>>> print(open('entry09.cif').read())   # mmCIF, C-alpha atoms
data_start
loop_
_atom_site.label_atom_id
_atom_site.label_comp_id
_atom_site.auth_asym_id
_atom_site.auth_seq_id
_atom_site.Cartn_x
_atom_site.Cartn_y
_atom_site.Cartn_z
CA MET U 1 -49.56 -50.60 -175.39
CA ALA U 2 -46.00 -51.09 -174.17
CA GLY U 3 -46.97 -51.37 -170.51
CA ILE U 4 -47.36 -49.37 -167.35
CA LEU U 5 -45.94 -49.40 -163.82
CA GLY U 6 -48.20 -49.31 -160.80
CA LYS U 7 -48.50 -49.77 -157.05
CA LYS U 8 -50.64 -52.47 -155.45
CA ILE U 9 -53.27 -50.94 -153.17
CA GLY U 10 -54.99 -54.11 -151.99
CA MET U 11 -57.90 -56.44 -152.68
CA THR U 12 -61.64 -55.80 -152.55
CA GLN U 13 -64.78 -57.16 -154.15
CA LEU U 14 -67.33 -56.15 -156.78
CA TYR U 15 -70.77 -57.49 -157.61
CA ARG U 16 -71.71 -58.29 -161.18
CA GLU U 17 -75.03 -59.97 -162.07
CA ASN U 18 -75.46 -61.39 -158.56
CA LEU U 19 -71.86 -62.67 -158.60
CA GLU U 20 -69.18 -61.60 -156.17
CA ILE U 21 -65.85 -60.95 -157.93
CA ALA U 22 -62.55 -60.63 -156.05
CA VAL U 23 -60.46 -57.84 -157.56
CA THR U 24 -57.09 -56.23 -156.92
CA ALA U 25 -56.91 -52.42 -156.95
CA ILE U 26 -53.75 -51.01 -158.53
CA GLU U 27 -52.67 -47.39 -158.77
CA ALA U 28 -51.37 -47.54 -162.34
CA GLY U 29 -49.32 -44.55 -163.44
CA PRO U 30 -49.22 -41.96 -164.60
CA CYS U 31 -45.88 -42.94 -166.08
CA CYS U 32 -43.52 -40.93 -168.24
CA VAL U 33 -41.43 -42.11 -171.19
CA THR U 34 -37.86 -41.34 -170.11
CA GLN U 35 -35.95 -42.95 -173.00
CA VAL U 36 -36.65 -44.43 -176.43
CA LYS U 37 -34.20 -46.98 -177.82
CA THR U 38 -34.03 -47.88 -181.51
CA VAL U 39 -32.39 -50.59 -183.59
CA GLU U 40 -30.26 -48.02 -185.43
CA LYS U 41 -28.75 -46.57 -182.27
CA ASP U 42 -29.04 -49.27 -179.58
CA LYS U 43 -29.40 -52.49 -181.66
CA TYR U 44 -32.93 -53.11 -180.33
CA ASN U 45 -36.27 -51.35 -179.85
CA ALA U 46 -37.40 -50.48 -176.33
CA VAL U 47 -39.18 -47.84 -174.28
CA GLN U 48 -38.07 -46.87 -170.77
CA ILE U 49 -40.76 -45.56 -168.42
CA GLY U 50 -40.56 -43.89 -165.01
CA PHE U 51 -42.97 -44.10 -162.07
CA GLY U 52 -43.12 -42.85 -158.48
CA GLU U 53 -41.47 -39.84 -156.94
CA SER U 54 -37.93 -39.97 -155.59
CA LYS U 55 -36.72 -37.50 -152.99
CA LYS U 56 -33.05 -37.99 -153.81
CA LEU U 57 -31.39 -38.66 -157.15
CA SER U 58 -27.74 -38.68 -158.14
CA LYS U 59 -26.39 -36.23 -160.73
CA ALA U 60 -26.14 -39.08 -163.23
CA GLU U 61 -29.78 -40.01 -162.70
CA LYS U 62 -30.92 -36.39 -163.01
CA GLY U 63 -28.87 -36.04 -166.19
CA HIS U 64 -30.46 -39.16 -167.62
CA LEU U 65 -34.00 -37.93 -166.87
CA LYS U 66 -33.24 -34.51 -168.40
CA GLY U 67 -35.76 -32.62 -166.29
CA ASN U 68 -38.71 -34.90 -167.13
CA GLY U 69 -39.27 -35.65 -163.43
CA ASP U 70 -37.65 -37.29 -160.42
CA TYR U 71 -38.73 -40.91 -160.79
CA ARG U 72 -38.04 -43.59 -158.23
CA TYR U 73 -38.57 -46.54 -160.57
CA LEU U 74 -37.36 -46.96 -164.15
CA ARG U 75 -38.24 -50.00 -166.25
CA GLU U 76 -37.39 -50.84 -169.85
CA LEU U 77 -39.97 -52.54 -172.05
CA ARG U 78 -38.98 -54.15 -175.32
CA ILE U 79 -41.44 -53.54 -178.16
CA ASP U 80 -41.44 -54.21 -181.90
CA ASP U 81 -42.13 -50.65 -183.03
CA VAL U 82 -41.25 -47.45 -181.14
CA LYS U 83 -43.13 -45.15 -183.50
CA GLY U 84 -45.53 -42.96 -181.56
CA TYR U 85 -43.34 -42.87 -178.46
CA GLU U 86 -41.25 -39.86 -177.49
CA VAL U 87 -39.40 -38.70 -174.37
CA GLY U 88 -41.72 -36.86 -171.97
CA GLN U 89 -44.86 -38.61 -173.18
CA LYS U 90 -47.33 -39.56 -170.43
CA ILE U 91 -48.89 -43.02 -170.09
CA ASP U 92 -51.93 -43.50 -167.86
CA VAL U 93 -54.82 -45.92 -167.27
CA THR U 94 -56.59 -44.83 -170.46
CA ILE U 95 -54.57 -47.53 -172.25
CA PHE U 96 -56.85 -50.06 -170.53
CA LYS U 97 -60.52 -50.84 -170.95
CA PRO U 98 -62.73 -53.41 -169.20
CA GLY U 99 -62.33 -56.84 -170.75
CA ASP U 100 -58.64 -56.44 -171.67
CA VAL U 101 -56.29 -59.28 -170.73
CA VAL U 102 -52.90 -58.42 -169.20
CA HIS U 103 -49.81 -59.98 -167.64
CA VAL U 104 -48.80 -58.66 -164.19
CA GLU U 105 -45.21 -58.93 -162.95
CA GLY U 106 -44.13 -58.29 -159.38
CA ILE U 107 -42.00 -59.49 -156.46
CA SER U 108 -43.73 -62.17 -154.39
CA LYS U 109 -44.07 -61.87 -150.62
CA GLY U 110 -40.95 -63.01 -148.79
CA LYS U 111 -41.49 -65.87 -146.33
CA GLY U 112 -37.92 -66.15 -145.03
CA PHE U 113 -36.31 -69.55 -144.41
CA ALA U 114 -38.93 -72.29 -144.90
CA GLY U 115 -38.88 -76.07 -144.70
CA GLY U 116 -39.78 -78.55 -147.41
CA VAL U 117 -43.39 -78.97 -146.26
CA LYS U 118 -44.20 -75.26 -146.51
CA ARG U 119 -41.96 -74.51 -149.48
CA TYR U 120 -42.74 -77.48 -151.75
CA HIS U 121 -45.77 -79.08 -150.07
CA PHE U 122 -43.90 -82.25 -149.07
CA ARG U 123 -46.04 -84.79 -147.26
CA GLY U 124 -43.63 -85.33 -144.38
CA GLY U 125 -42.85 -88.60 -142.61
CA PRO U 126 -45.13 -91.09 -140.83
CA LYS U 127 -46.93 -89.91 -137.72
CA THR U 128 -46.72 -93.30 -135.97
CA HIS U 129 -44.73 -96.56 -135.86
CA GLY U 130 -42.15 -95.08 -133.54
CA GLN U 131 -41.38 -92.02 -135.68
CA SER U 132 -41.11 -89.23 -133.14
CA ASP U 133 -39.17 -86.58 -135.10
CA ARG U 134 -39.93 -87.22 -138.80
CA HIS U 135 -43.22 -85.38 -139.15
CA ARG U 136 -41.92 -82.52 -141.33
CA ALA U 137 -38.56 -83.93 -142.42
CA PRO U 138 -37.74 -84.00 -146.17
CA GLY U 139 -36.60 -87.63 -146.32
CA SER U 140 -33.69 -88.91 -148.41
CA VAL U 141 -31.82 -86.33 -150.50
CA GLY U 142 -29.48 -88.65 -152.42
CA SER U 143 -27.96 -92.09 -152.93
CA THR U 144 -24.71 -93.53 -151.54
CA THR U 145 -21.90 -94.58 -153.87
CA THR U 146 -23.78 -93.64 -157.04
CA PRO U 147 -23.89 -90.72 -157.59
CA GLY U 148 -22.32 -90.09 -154.18
CA ARG U 149 -23.49 -86.50 -154.03
CA VAL U 150 -26.60 -84.34 -153.90
CA PHE U 151 -27.79 -83.02 -157.27
CA LYS U 152 -27.97 -79.28 -157.86
CA GLY U 153 -31.48 -77.86 -157.70
CA LEU U 154 -32.81 -80.54 -155.38
CA ARG U 155 -35.91 -79.33 -153.56
CA MET U 156 -34.88 -78.67 -149.98
CA ALA U 157 -35.44 -76.15 -147.20
CA GLY U 158 -34.33 -72.60 -147.99
CA HIS U 159 -35.34 -69.02 -148.70
CA MET U 160 -38.97 -68.83 -149.84
CA GLY U 161 -40.61 -66.06 -151.84
CA ALA U 162 -39.19 -62.59 -152.58
CA ARG U 163 -38.64 -63.42 -156.25
CA LYS U 164 -40.04 -62.19 -159.56
CA VAL U 165 -43.42 -63.73 -160.39
CA THR U 166 -45.63 -63.14 -163.43
CA ALA U 167 -49.40 -63.69 -163.19
CA ARG U 168 -50.63 -64.30 -166.73
CA ASN U 169 -53.93 -63.60 -168.50
CA ILE U 170 -55.52 -61.39 -165.83
CA GLU U 171 -58.76 -59.68 -166.85
CA VAL U 172 -59.27 -55.94 -166.46
CA VAL U 173 -62.60 -55.48 -164.65
CA GLU U 174 -62.84 -51.71 -164.21
CA VAL U 175 -60.83 -48.55 -164.93
CA ASP U 176 -61.09 -45.30 -162.90
CA GLN U 177 -59.36 -42.62 -164.95
CA ALA U 178 -59.95 -39.85 -162.38
CA LYS U 179 -58.07 -41.73 -159.63
CA ASN U 180 -55.60 -43.61 -161.90
CA ILE U 181 -56.88 -46.93 -160.55
CA VAL U 182 -57.38 -50.17 -162.44
CA LEU U 183 -59.20 -53.19 -160.98
CA LEU U 184 -57.91 -56.61 -162.04
CA LYS U 185 -59.78 -59.87 -161.51
CA GLY U 186 -58.26 -62.10 -158.82
CA ALA U 187 -54.91 -61.80 -157.05
CA VAL U 188 -51.57 -60.49 -158.30
CA PRO U 189 -48.03 -61.02 -156.92
CA GLY U 190 -46.63 -59.09 -153.96
CA GLY U 191 -47.87 -57.24 -150.91
CA LYS U 192 -49.45 -53.82 -150.46
CA ASN U 193 -47.52 -50.90 -151.98
CA GLY U 194 -45.47 -53.35 -154.05
CA LEU U 195 -44.30 -52.29 -157.51
CA LEU U 196 -46.09 -54.00 -160.41
CA LEU U 197 -45.51 -54.03 -164.16
CA ILE U 198 -48.67 -54.47 -166.24
CA GLU U 199 -48.26 -55.48 -169.89
CA SER U 200 -50.75 -56.46 -172.57
CA ALA U 201 -51.23 -60.20 -173.04
CA ALA U 202 -51.93 -59.69 -176.77
#
>>> encode(input="entry09.cif", output="structure tokens")
Amino acid sequence: MAGILGKKIGMTQLYRENLEIAVTAIEAGPCCVTQVKTVEKDKYNAVQIGFGESKKLSKAEKGHLKGNGDYRYLRELRIDDVKGYEVGQKIDVTIFKPGDVVHVEGISKGKGFAGGVKRYHFRGGPKTHGQSDRHRAPGSVGSTTTPGRVFKGLRMAGHMGARKVTARNIEVVEVDQAKNIVLLKGAVPGGKNGLLLIESAA
């Protein structure tokens, strides 16, 4: 299994042996192989897959897809062996079965500009002893003469979320082939209708 693209529907719950299990429902595929890259031609092995319908494509994009469909999303997956893959081939949820373990990659929810307490779980300043405006302040960010500057990468207030996140070793709980839906145990990155890439953890 190279992988499959999908859309996050939302979370729900299932009951197994008197246990309540939180699951995420994902509309996975069907995807189409739009390009196959080989070591001989492209210096590496990879498969490009398309997902979702686009209402408007440029001439270059239509030429690249060669009539295989108007796909909104294209993603390239590097694999060791491209044998068995060909342009136009369909990939759907039948590549999964309950009990499989997968990695799920997506864009996390954007939180906008956030302070140190929310962004990095800083403790904040004292709530008493005359401290009236230090409750959620970050504290010292550097020394004086040495080094005389603030180091790059220092944890401070700034843009939070809206970045690529990979949730690893997620269990496949159930697969609905008729509706192209796969249920994964627990939460995955992103909000509803967010694009997700599901790859085998093997």
>>> resolve_selection(input="entry09.cif", expression="the PyMOL selection byres ((chain U and resi 194) around 8)", output="ChimeraX atom specification")
/U:7-8,106-107,190-193,195-196
>>> closest_residue(input="entry09.cif", among="U:Leu5, U:Ala25, U:Ala167, U:Leu19", to="His103 of chain U", atoms="all atoms listed in the file")
U:Ala167
>>> closest_residue(input="entry09.cif", among="U:Glu17, U:Thr166, U:Pro30, U:Ala2", to="Val93 of chain U", atoms="all atoms listed in the file")
U:Pro30
>>> resolve_selection(input="entry09.cif", expression="the PyMOL selection byres ((chain U and resi 31) around 8)", output="ChimeraX atom specification")
/U:4-5,29-30,32-33,49-51,90-92
>>> residues_around(input="entry09.cif", residues="segment 135-145 of chain U", least_positions_apart="6", cutoff="7 Å", atoms="all atoms listed in the file", output="list in words")
Gly116, Val117, Gly124, Gly125, Pro126 and Lys127 of chain U
>>> resolve_selection(input="entry09.cif", expression="the PyMOL selection byres ((chain U and resi 161) around 6)", output="ChimeraX atom specification")
/U:108-111,160,162-163
>>> residues_around(input="entry09.cif", residues="Ala114 of chain U", least_positions_apart="2", cutoff="7 Å", atoms="only C-alpha atoms", output="short mmCIF file (atom, residue, chain, number, x, y, z; two decimals) with C-alpha atoms, keeping the file's coordinate frame")
data_model
loop_
_atom_site.label_atom_id
_atom_site.label_comp_id
_atom_site.auth_asym_id
_atom_site.auth_seq_id
_atom_site.Cartn_x
_atom_site.Cartn_y
_atom_site.Cartn_z
CA GLY U 112 -37.92 -66.15 -145.03
CA GLY U 116 -39.78 -78.55 -147.41
CA LYS U 118 -44.20 -75.26 -146.51
CA ARG U 119 -41.96 -74.51 -149.48
CA ALA U 157 -35.44 -76.15 -147.20
CA GLY U 158 -34.33 -72.60 -147.99
CA HIS U 159 -35.34 -69.02 -148.70
CA MET U 160 -38.97 -68.83 -149.84
#
>>> atom_distance(input="entry09.cif", atom1="atom CA of Val101 of chain U", atom2="atom CA of Glu199 of chain U")
8.9 Å
>>> atom_distance(input="entry09.cif", atom1="atom CA of Lys56 of chain U", atom2="atom CA of Val104 of chain U")
28.0 Å
>>> atom_distance(input="entry09.cif", atom1="atom CA of Glu105 of chain U", atom2="atom CA of Thr12 of chain U")
19.7 Å
>>> residues_around(input="entry09.cif", residues="Lys55 of chain U", least_positions_apart="2", cutoff="8 Å", atoms="only C-alpha atoms", output="PyMOL selection string")
chain U and resi 53+57+70
>>> residues_around(input="entry09.cif", residues="Glu76 of chain U", least_positions_apart="6", cutoff="8 Å", atoms="all atoms listed in the file", output="number ranges by chain")
U: 46-49
